[in-house]
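Novice: Sharing a structure with you now.
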Amino acid sequence: MTLEVRVPDEWTPALALATRALLERAVQAGFPVIASVRPDATADQVGSLYSQINALIDEAGLAA
């Protein structure tokens with residue numbers, strides 16, 4: 001399977017390649033959980049989002 005991911009034009013080629021490598025590792029290792037975050041999100045908002053995601057994973061019994 002081939003996935004195509006578009007990244008913002010302002011990203012450097014190195015950042016785009018690093019993102020690709022991270023996604024490849026996540027897919028090979030299991031079921032990836034990906035969250036998109038707005039550029040203006042605060043650290044508290046991002047932390048809250050990941051806390052909610054972790055809770056969902058725990059409740060589903062998917063945590064390693």
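FYI, nothing fancy with the structure tokens labels: chains A, B, ... in order, residues from 1 per chain, ligands from 1 as they appear.
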Range 21-58 of chain A: which residues are helix (DSSP H, G or I) by DSSP, as a CSV table (one decimal) with N, CA, C and O atoms, in the first residue's frame?

Specialist:
```
chain,number,residue,atom,x,y,z
A,21,ALA,N,9.6,9.3,7.6
A,21,ALA,CA,10.3,8.2,8.3
A,21,ALA,C,9.5,7.8,9.6
A,21,ALA,O,9.3,6.6,9.9
A,22,LEU,N,9.0,8.8,10.3
A,22,LEU,CA,8.2,8.6,11.5
A,22,LEU,C,6.9,7.8,11.2
A,22,LEU,O,6.5,6.9,11.9
A,23,LEU,N,6.3,8.2,10.1
A,23,LEU,CA,5.0,7.6,9.7
A,23,LEU,C,5.3,6.1,9.3
A,23,LEU,O,4.5,5.2,9.6
A,24,GLU,N,6.4,5.9,8.5
A,24,GLU,CA,6.7,4.5,8.1
A,24,GLU,C,7.0,3.6,9.3
A,24,GLU,O,6.5,2.5,9.4
A,25,ARG,N,7.7,4.1,10.3
A,25,ARG,CA,8.0,3.4,11.5
A,25,ARG,C,6.7,3.1,12.3
A,25,ARG,O,6.5,2.0,12.8
A,26,ALA,N,5.8,4.0,12.4
A,26,ALA,CA,4.5,3.9,13.1
A,26,ALA,C,3.7,2.8,12.4
A,26,ALA,O,3.1,1.9,13.1
A,27,VAL,N,3.6,2.8,11.1
A,27,VAL,CA,2.8,1.9,10.4
A,27,VAL,C,3.4,0.5,10.5
A,27,VAL,O,2.7,-0.5,10.6
A,28,GLN,N,4.7,0.4,10.4
A,28,GLN,CA,5.4,-1.0,10.5
A,28,GLN,C,5.2,-1.6,11.9
A,28,GLN,O,5.1,-2.8,12.1
A,29,ALA,N,5.2,-0.7,12.9
A,29,ALA,CA,5.2,-1.2,14.3
A,29,ALA,C,3.8,-1.5,14.8
A,29,ALA,O,3.7,-2.2,15.8
A,43,ALA,N,0.4,24.7,24.3
A,43,ALA,CA,1.0,23.5,24.9
A,43,ALA,C,-0.1,22.8,25.7
A,43,ALA,O,-0.1,21.5,25.7
A,44,ASP,N,-0.9,23.5,26.5
A,44,ASP,CA,-1.9,22.9,27.3
A,44,ASP,C,-3.0,22.2,26.4
A,44,ASP,O,-3.4,21.1,26.8
A,45,GLN,N,-3.3,22.8,25.3
A,45,GLN,CA,-4.3,22.2,24.4
A,45,GLN,C,-3.8,20.9,23.8
A,45,GLN,O,-4.5,19.9,23.7
A,46,VAL,N,-2.5,20.9,23.4
A,46,VAL,CA,-1.9,19.7,22.8
A,46,VAL,C,-1.8,18.6,23.9
A,46,VAL,O,-2.1,17.5,23.7
A,47,GLY,N,-1.4,19.0,25.1
A,47,GLY,CA,-1.3,18.1,26.2
A,47,GLY,C,-2.7,17.4,26.5
A,47,GLY,O,-2.8,16.2,26.8
A,48,SER,N,-3.7,18.3,26.5
A,48,SER,CA,-5.1,17.8,26.8
A,48,SER,C,-5.5,16.8,25.7
A,48,SER,O,-6.1,15.7,26.0
A,49,LEU,N,-5.2,17.1,24.4
A,49,LEU,CA,-5.5,16.2,23.3
A,49,LEU,C,-4.9,14.9,23.5
A,49,LEU,O,-5.5,13.8,23.4
A,50,TYR,N,-3.6,14.8,23.8
A,50,TYR,CA,-2.9,13.6,23.9
A,50,TYR,C,-3.4,12.8,25.2
A,50,TYR,O,-3.4,11.6,25.2
A,51,SER,N,-3.8,13.5,26.2
A,51,SER,CA,-4.3,12.8,27.4
A,51,SER,C,-5.6,12.1,27.0
A,51,SER,O,-5.9,11.0,27.4
A,52,GLN,N,-6.4,12.8,26.2
A,52,GLN,CA,-7.7,12.2,25.8
A,52,GLN,C,-7.4,11.0,24.9
A,52,GLN,O,-8.1,9.9,25.0
A,53,ILE,N,-6.4,11.1,24.0
A,53,ILE,CA,-6.1,10.0,23.1
A,53,ILE,C,-5.6,8.8,24.0
A,53,ILE,O,-6.0,7.6,23.7
A,54,ASN,N,-4.7,9.1,24.9
A,54,ASN,CA,-4.2,8.0,25.8
A,54,ASN,C,-5.3,7.3,26.6
A,54,ASN,O,-5.3,6.1,26.7
A,55,ALA,N,-6.3,8.1,27.0
A,55,ALA,CA,-7.4,7.5,27.8
A,55,ALA,C,-8.2,6.6,26.8
A,55,ALA,O,-8.6,5.5,27.3
A,56,LEU,N,-8.5,7.0,25.6
A,56,LEU,CA,-9.2,6.2,24.7
A,56,LEU,C,-8.4,4.9,24.4
A,56,LEU,O,-9.0,3.8,24.3
A,57,ILE,N,-7.1,5.0,24.2
A,57,ILE,CA,-6.3,3.8,24.0
A,57,ILE,C,-6.4,2.8,25.2
A,57,ILE,O,-6.6,1.6,25.0
A,58,ASP,N,-6.3,3.4,26.4
A,58,ASP,CA,-6.4,2.5,27.6
A,58,ASP,C,-7.7,1.9,27.7
A,58,ASP,O,-7.8,0.7,28.0
```

Novice: Nearest residue to Glu4 in chain A out of A:Val33, A:Leu62, A:Ala41, A:Ala16, using only C-alpha atoms?

Specialist: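 Of A:Val33, A:Leu62, A:Ala41, A:Ala16, the one nearest Glu4 in chain A is A:Ala16, counting only C-alpha atoms.
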
Novice: Could you please determine the separation between CA of Val37 in chain A and CA of Arg20 in chain A in Å, to one decimal place?

Specialist: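 Going from CA of Val37 in chain A over to CA of Arg20 in chain A covers 17.2 Å.
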